[in-house]
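Shown below: model.cif, with mmCIF, C-alpha atoms.
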```
data_data
#
loop_
_atom_site.label_atom_id
_atom_site.label_comp_id
_atom_site.auth_asym_id
_atom_site.auth_seq_id
_atom_site.Cartn_x
_atom_site.Cartn_y
_atom_site.Cartn_z
CA MET A 8 0.00 0.00 0.00
CA PHE A 9 2.87 2.42 0.76
CA GLU A 10 5.28 1.21 -1.93
CA LYS A 11 5.54 4.65 -3.58
CA SER A 12 6.23 6.35 -0.24
CA ILE A 13 8.90 3.78 0.62
CA GLU A 14 10.52 4.32 -2.79
CA LEU A 15 10.58 8.12 -2.31
CA LEU A 16 11.77 7.88 1.28
CA ASN A 17 14.65 5.64 0.17
CA LYS A 18 15.55 8.10 -2.60
CA ALA A 19 15.67 10.78 0.09
CA VAL A 20 17.92 8.58 2.24
CA ALA A 21 20.30 8.26 -0.72
CA ASP A 22 20.28 12.03 -1.29
CA GLU A 23 20.83 12.78 2.39
CA LEU A 24 23.69 10.27 2.64
CA SER A 25 25.34 11.93 -0.37
CA ALA A 26 24.94 15.31 1.33
CA VAL A 27 26.50 13.99 4.57
CA HIS A 28 29.55 12.74 2.71
CA GLN A 29 29.87 15.88 0.59
CA TYR A 30 29.55 18.22 3.56
CA MET A 31 32.05 16.27 5.64
CA TYR A 32 34.47 16.43 2.71
CA PHE A 33 33.97 20.22 2.62
CA HIS A 34 34.35 20.37 6.41
CA PHE A 35 37.71 18.57 6.28
CA HIS A 36 39.07 20.87 3.59
CA CYS A 37 37.80 24.10 5.17
CA ASP A 38 39.24 22.98 8.51
CA ASP A 39 42.57 22.22 6.82
CA GLN A 40 42.57 25.73 5.31
CA GLY A 41 41.90 27.30 8.72
CA LEU A 42 38.37 28.38 7.82
CA ASP A 43 36.74 27.53 11.13
CA LEU A 44 33.38 29.21 10.54
CA LEU A 45 32.75 27.48 7.23
CA ALA A 46 34.19 24.20 8.50
CA GLY A 47 31.78 24.37 11.42
CA LEU A 48 28.83 25.20 9.16
CA PHE A 49 29.57 22.21 6.92
CA ARG A 50 30.02 19.90 9.92
CA THR A 51 26.81 21.05 11.59
CA THR A 52 24.87 20.71 8.35
CA ALA A 53 26.26 17.19 7.81
CA ILE A 54 25.07 16.20 11.29
CA GLN A 55 21.62 17.62 10.58
CA GLU A 56 21.51 15.65 7.32
CA MET A 57 22.42 12.50 9.29
CA MET A 58 19.44 13.19 11.52
CA HIS A 59 17.29 13.40 8.38
CA VAL A 60 18.54 9.95 7.37
CA GLU A 61 17.49 8.61 10.76
CA THR A 62 14.01 10.13 10.52
CA LEU A 63 13.54 8.82 6.99
CA ALA A 64 14.77 5.34 7.97
CA GLU A 65 12.37 5.21 10.92
CA ARG A 66 9.46 6.02 8.60
CA ILE A 67 10.55 3.42 6.04
CA LEU A 68 10.75 0.75 8.73
CA PHE A 69 7.37 1.77 10.14
CA LEU A 70 5.91 1.27 6.65
CA LYS A 71 7.50 -2.24 6.64
CA GLY A 72 10.06 -1.31 4.00
CA ASP A 73 13.80 -1.87 3.98
CA VAL A 74 16.24 1.02 4.23
CA ASN A 75 18.63 1.34 1.30
CA MET A 76 21.87 2.88 2.57
CA ASN A 77 23.46 3.62 -0.83
CA MET A 78 24.42 7.18 -1.69
CA ALA A 79 22.77 8.87 -4.67
CA GLU A 80 26.04 10.45 -5.85
CA ASP A 81 29.73 10.23 -5.17
CA VAL A 82 31.56 13.06 -3.45
CA LYS A 83 32.63 15.76 -5.88
CA PRO A 84 36.19 16.82 -5.03
CA THR A 85 37.17 20.48 -4.82
CA GLN A 86 39.36 22.53 -2.52
CA ASN A 87 38.00 25.84 -3.83
CA VAL A 88 35.90 27.32 -1.05
CA ARG A 89 33.64 29.36 -3.32
CA GLU A 90 32.86 26.20 -5.33
CA MET A 91 32.09 24.33 -2.08
CA VAL A 92 29.58 26.94 -0.98
CA GLU A 93 28.05 27.18 -4.47
CA MET A 94 27.68 23.40 -4.61
CA ALA A 95 26.14 23.30 -1.13
CA ALA A 96 23.60 26.01 -1.99
CA ALA A 97 22.67 24.21 -5.22
CA MET A 98 22.31 20.88 -3.37
CA GLU A 99 19.97 22.44 -0.83
CA MET A 100 17.83 24.18 -3.45
CA ASP A 101 17.56 20.94 -5.41
CA ALA A 102 16.47 19.14 -2.23
CA VAL A 103 13.79 21.79 -1.59
CA LYS A 104 12.33 21.33 -5.08
CA THR A 105 12.51 17.54 -4.94
CA TYR A 106 11.07 17.17 -1.44
CA ASN A 107 8.16 19.49 -2.32
CA LEU A 108 7.33 17.22 -5.26
CA TRP A 109 7.66 14.10 -3.15
CA ALA A 110 5.42 15.56 -0.44
CA ASN A 111 2.74 16.01 -3.09
CA GLU A 112 3.23 12.45 -4.36
CA CYS A 113 2.84 11.06 -0.84
CA ALA A 114 -0.34 13.09 -0.41
CA ALA A 115 -1.67 11.74 -3.72
CA ASN A 116 -1.02 8.23 -2.37
CA ALA A 117 -2.89 8.89 0.90
CA ASP A 118 0.24 9.02 3.10
CA ALA A 119 -0.13 12.19 5.15
CA ILE A 120 2.70 11.34 7.57
CA SER A 121 5.33 10.90 4.85
CA LYS A 122 3.96 14.08 3.22
CA LYS A 123 4.52 15.98 6.47
CA LEU A 124 7.99 14.45 6.86
CA PHE A 125 8.96 15.78 3.42
CA GLU A 126 7.45 19.17 4.24
CA ASP A 127 9.52 19.30 7.44
CA LEU A 128 12.62 18.43 5.42
CA VAL A 129 11.83 21.27 3.02
CA ALA A 130 11.90 23.72 5.93
CA ASP A 131 15.30 22.41 7.08
CA GLU A 132 16.75 22.44 3.57
CA GLU A 133 15.51 26.01 2.99
CA ARG A 134 17.28 27.06 6.20
CA HIS A 135 20.47 25.32 5.02
CA PHE A 136 20.18 27.03 1.65
CA ASP A 137 19.81 30.41 3.36
CA GLN A 138 22.96 29.80 5.41
CA PHE A 139 25.00 28.82 2.36
CA ASP A 140 23.51 31.65 0.30
CA THR A 141 24.53 34.15 3.00
CA GLU A 142 28.08 32.76 3.01
CA LEU A 143 28.17 32.96 -0.78
CA ASP A 144 27.02 36.58 -0.64
CA ASN A 145 29.78 37.35 1.87
CA ILE A 146 32.41 35.71 -0.33
CA LYS A 147 31.13 37.65 -3.36
CA LYS A 148 30.93 40.92 -1.42
CA TYR A 149 34.24 40.71 0.44
CA GLY A 150 36.19 38.26 -1.72
CA GLU A 151 39.28 36.59 -0.34
CA SER A 152 39.32 39.08 2.55
CA TYR A 153 36.28 37.34 4.03
CA LEU A 154 38.06 33.98 3.98
CA ALA A 155 41.32 35.49 5.20
CA LEU A 156 39.58 36.86 8.31
CA GLN A 157 38.50 33.34 9.27
CA SER A 158 42.03 32.06 8.84
CA ILE A 159 43.44 34.93 10.92
CA GLU A 160 40.98 34.16 13.73
CA ARG A 161 42.28 30.60 13.91
CA SER A 162 45.88 31.82 13.98
CA LYS A 163 45.06 34.15 16.86
CA THR A 164 43.29 31.37 18.75
CA VAL A 165 46.10 28.89 18.24
CA SER A 166 48.75 31.38 19.34
CA THR A 167 46.85 32.35 22.50
CA MET A 168 46.38 28.70 23.44
CA GLY A 169 50.09 28.02 23.24
CA GLY A 170 49.66 25.88 20.14
CA GLY A 171 52.05 28.08 18.18
CA GLY A 172 55.10 26.86 20.10
CA GLY A 173 55.53 29.92 22.32
CA GLU A 174 53.89 31.55 25.29
CA ALA A 175 51.07 33.96 24.56
#
```

Go through the file and emit its structure as structure tokens.
Amino acid sequence: MFEKSIELLNKAVADELSAVHQYMYFHFHCDDQGLDLLAGLFRTTAIQEMMHVETLAERILFLKGDVNMNMAEDVKPTQNVREMVEMAAAMEMDAVKTYNLWANECAANADAISKKLFEDLVADEERHFDQFDTELDNIKKYGESYLALQSIERSKTVSTMGGGGGEA
């Protein structure tokens, strides 16, 4: 009876797993470049996407389906921070569009709970998009200076904590 919902929920699991991997990849590279604010944003977003996977999996199991834990896409490598943020914003906007459609499909198949789950995901993904869009605006507005400020903040923190080899 809920085959279509299970199919859509599993597609969402695959998309969310891809997002988790992509955002953790971005987190690692931003952290390596000393960009603590962006690294933290990517890490936090990845954790929130993991929570989406859990919610989706619980619904699939409730509907007596099996959870498919395969990713929809492989991680796309880049060390360019602007590209990372652009990719993240695009991923979130795509998720908003897709989850809106899937909410409607669940409603058409008389599954109000899965519909609501997708609507809740839309709200989260819109918030994620807004965060990445704001970061992208800052990068466009301030250029490399915006990223340099984040790197300088880490240097100041490391030096005051004694991590720089000398006393602060």

Exercise for the section: Considering all atoms listed in the file, state which residue in the set A:His34, A:Lys122, A:Lys11, A:Lys104 is at the smallest distance from Thr51 of chain A. Expected result: A:His34

Practice task
Compute the distance from (5.8, 14.8, -0.7) to each atom, counting only C-alpha atoms, keep the residues with any atom at most 9 Å away, and return them as number ranges by chain; use the coordinates of the file.
Solution key: A: 12, 15, 105-115, 118-119, 121-126

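The environment of Ile146 of chain A within 12 Å, counting only C-alpha atoms and disregarding residues fewer than 3 places along the same chain, consists of Leu45, Asn87, Val88, Arg89, Glu90, Met91, Val92, Glu93, Phe139, Asp140, Thr141, Glu142, Leu143, Tyr149, Gly150, Glu151, Ser152, Tyr153, Leu154, Ala155, Leu156 and Gln157 of chain A.
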
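Atom CA of Leu128 of chain A to atom CA of Ala64 of chain A spans 13.5 Å [interatomic distance, one decimal].
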
Problem - Residues selected by the PyMOL selection byres ((chain A and resi 28) around 12), written as a VMD selection string - result: chain A and resid 21 to 27 29 to 35 49 to 50 52 to 54 56 to 57 77 to 84 95

Expected file contents, prior selection, C-alpha atoms, as a short mmCIF file (atom, residue, chain, number, x, y, z; two decimals), in the frame of the given file:
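Output saved as again19.cif:
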```cif
data_model
loop_
_atom_site.label_atom_id
_atom_site.label_comp_id
_atom_site.auth_asym_id
_atom_site.auth_seq_id
_atom_site.Cartn_x
_atom_site.Cartn_y
_atom_site.Cartn_z
CA ALA A 21 20.30 8.26 -0.72
CA ASP A 22 20.28 12.03 -1.29
CA GLU A 23 20.83 12.78 2.39
CA LEU A 24 23.69 10.27 2.64
CA SER A 25 25.34 11.93 -0.37
CA ALA A 26 24.94 15.31 1.33
CA VAL A 27 26.50 13.99 4.57
CA GLN A 29 29.87 15.88 0.59
CA TYR A 30 29.55 18.22 3.56
CA MET A 31 32.05 16.27 5.64
CA TYR A 32 34.47 16.43 2.71
CA PHE A 33 33.97 20.22 2.62
CA HIS A 34 34.35 20.37 6.41
CA PHE A 35 37.71 18.57 6.28
CA PHE A 49 29.57 22.21 6.92
CA ARG A 50 30.02 19.90 9.92
CA THR A 52 24.87 20.71 8.35
CA ALA A 53 26.26 17.19 7.81
CA ILE A 54 25.07 16.20 11.29
CA GLU A 56 21.51 15.65 7.32
CA MET A 57 22.42 12.50 9.29
CA ASN A 77 23.46 3.62 -0.83
CA MET A 78 24.42 7.18 -1.69
CA ALA A 79 22.77 8.87 -4.67
CA GLU A 80 26.04 10.45 -5.85
CA ASP A 81 29.73 10.23 -5.17
CA VAL A 82 31.56 13.06 -3.45
CA LYS A 83 32.63 15.76 -5.88
CA PRO A 84 36.19 16.82 -5.03
CA ALA A 95 26.14 23.30 -1.13
#
```

Handout entry: atom CA of Arg134 of chain A to atom CA of Asn116 of chain A, distance in Å rounded to a single decimal
Key = 27.6 Å

Practice task
For atom CA of Asp137 of chain A and atom CA of Ile13 of chain A, determine how far apart the two atoms are, in Å to one decimal place.
Solution key: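 Computing it gives 28.9 Å between the two atoms.
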
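Minimum atom-to-atom distance to Asp39 of chain A, evaluated using all atoms listed in the file, belongs to A:Gln86 out of A:Gln86, A:Phe9, A:Glu61, A:Glu133.
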
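Comparing A:Val74, A:Met98, A:His36, A:Val103 by their smallest distance to Glu132 of chain A, the closest is A:Val103 (using all atoms listed in the file).
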
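When all atoms listed in the file are used to measure the gap to Val60 of chain A, the shortest distance among A:Asp144, A:Ala46, A:Met8, A:Ala19 belongs to A:Ala19.
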
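Put simply, the PyMOL selection byres ((chain A and resi 72) around 9) on this file hits A:Phe9, A:Glu10, A:Ile13, A:Glu14, A:Arg66, A:Ile67, A:Leu68, A:Phe69, A:Leu70, A:Lys71, A:Asp73, A:Val74.
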
Take the residues from that selection and write them out as an mmCIF file, in the coordinates of the input, keeping C-alpha atoms.
```cif
data_model
loop_
_atom_site.group_PDB
_atom_site.id
_atom_site.type_symbol
_atom_site.label_atom_id
_atom_site.label_comp_id
_atom_site.auth_asym_id
_atom_site.auth_seq_id
_atom_site.Cartn_x
_atom_site.Cartn_y
_atom_site.Cartn_z
ATOM 1 C CA PHE A 9 2.870 2.420 0.760
ATOM 2 C CA GLU A 10 5.280 1.210 -1.930
ATOM 3 C CA ILE A 13 8.900 3.780 0.620
ATOM 4 C CA GLU A 14 10.520 4.320 -2.790
ATOM 5 C CA ARG A 66 9.460 6.020 8.600
ATOM 6 C CA ILE A 67 10.550 3.420 6.040
ATOM 7 C CA LEU A 68 10.750 0.750 8.730
ATOM 8 C CA PHE A 69 7.370 1.770 10.140
ATOM 9 C CA LEU A 70 5.910 1.270 6.650
ATOM 10 C CA LYS A 71 7.500 -2.240 6.640
ATOM 11 C CA ASP A 73 13.800 -1.870 3.980
ATOM 12 C CA VAL A 74 16.240 1.020 4.230
#
```

Step by step, gather every atom of segment 9-25 of chain A that the file lists, find the box along x, y and z that holds them, add 5 Å on each side, and finally give centre and edge lengths in Å to one decimal, as lines of an AutoDock Vina configuration file.
```
center_x = 14.1
center_y = 7.0
center_z = -0.5
size_x = 32.5
size_y = 21.6
size_z = 16.2
```

Output requested as an mmCIF file, keeping the file's coordinate frame - segment 42-55 of chain A, filled out with N, CA and C atoms.
```cif
data_model
loop_
_atom_site.group_PDB
_atom_site.id
_atom_site.type_symbol
_atom_site.label_atom_id
_atom_site.label_comp_id
_atom_site.auth_asym_id
_atom_site.auth_seq_id
_atom_site.Cartn_x
_atom_site.Cartn_y
_atom_site.Cartn_z
ATOM 1 N N LEU A 42 39.634 27.658 7.958
ATOM 2 C CA LEU A 42 38.370 28.380 7.820
ATOM 3 C C LEU A 42 37.351 27.796 8.806
ATOM 4 N N ASP A 43 37.518 28.150 10.069
ATOM 5 C CA ASP A 43 36.740 27.530 11.130
ATOM 6 C C ASP A 43 35.235 27.748 11.007
ATOM 7 N N LEU A 44 34.817 28.946 10.629
ATOM 8 C CA LEU A 44 33.380 29.210 10.540
ATOM 9 C C LEU A 44 32.726 28.351 9.458
ATOM 10 N N LEU A 45 33.311 28.309 8.288
ATOM 11 C CA LEU A 45 32.750 27.480 7.230
ATOM 12 C C LEU A 45 32.883 26.000 7.547
ATOM 13 N N ALA A 46 34.014 25.606 8.115
ATOM 14 C CA ALA A 46 34.190 24.200 8.500
ATOM 15 C C ALA A 46 33.096 23.796 9.474
ATOM 16 N N GLY A 47 32.820 24.664 10.438
ATOM 17 C CA GLY A 47 31.780 24.370 11.420
ATOM 18 C C GLY A 47 30.395 24.312 10.790
ATOM 19 N N LEU A 48 30.120 25.209 9.844
ATOM 20 C CA LEU A 48 28.830 25.200 9.160
ATOM 21 C C LEU A 48 28.644 23.892 8.393
ATOM 22 N N PHE A 49 29.678 23.467 7.673
ATOM 23 C CA PHE A 49 29.570 22.210 6.920
ATOM 24 C C PHE A 49 29.401 21.013 7.862
ATOM 25 N N ARG A 50 30.128 21.003 8.963
ATOM 26 C CA ARG A 50 30.020 19.900 9.920
ATOM 27 C C ARG A 50 28.634 19.848 10.547
ATOM 28 N N THR A 51 28.136 20.988 10.978
ATOM 29 C CA THR A 51 26.810 21.050 11.590
ATOM 30 C C THR A 51 25.727 20.622 10.598
ATOM 31 N N THR A 52 25.852 21.075 9.366
ATOM 32 C CA THR A 52 24.870 20.710 8.350
ATOM 33 C C THR A 52 24.930 19.206 8.071
ATOM 34 N N ALA A 53 26.129 18.633 8.023
ATOM 35 C CA ALA A 53 26.260 17.190 7.810
ATOM 36 C C ALA A 53 25.559 16.419 8.933
ATOM 37 N N ILE A 54 25.721 16.865 10.157
ATOM 38 C CA ILE A 54 25.070 16.200 11.290
ATOM 39 C C ILE A 54 23.556 16.301 11.172
ATOM 40 N N GLN A 55 23.065 17.462 10.763
ATOM 41 C CA GLN A 55 21.620 17.620 10.580
ATOM 42 C C GLN A 55 21.110 16.712 9.462
#
```
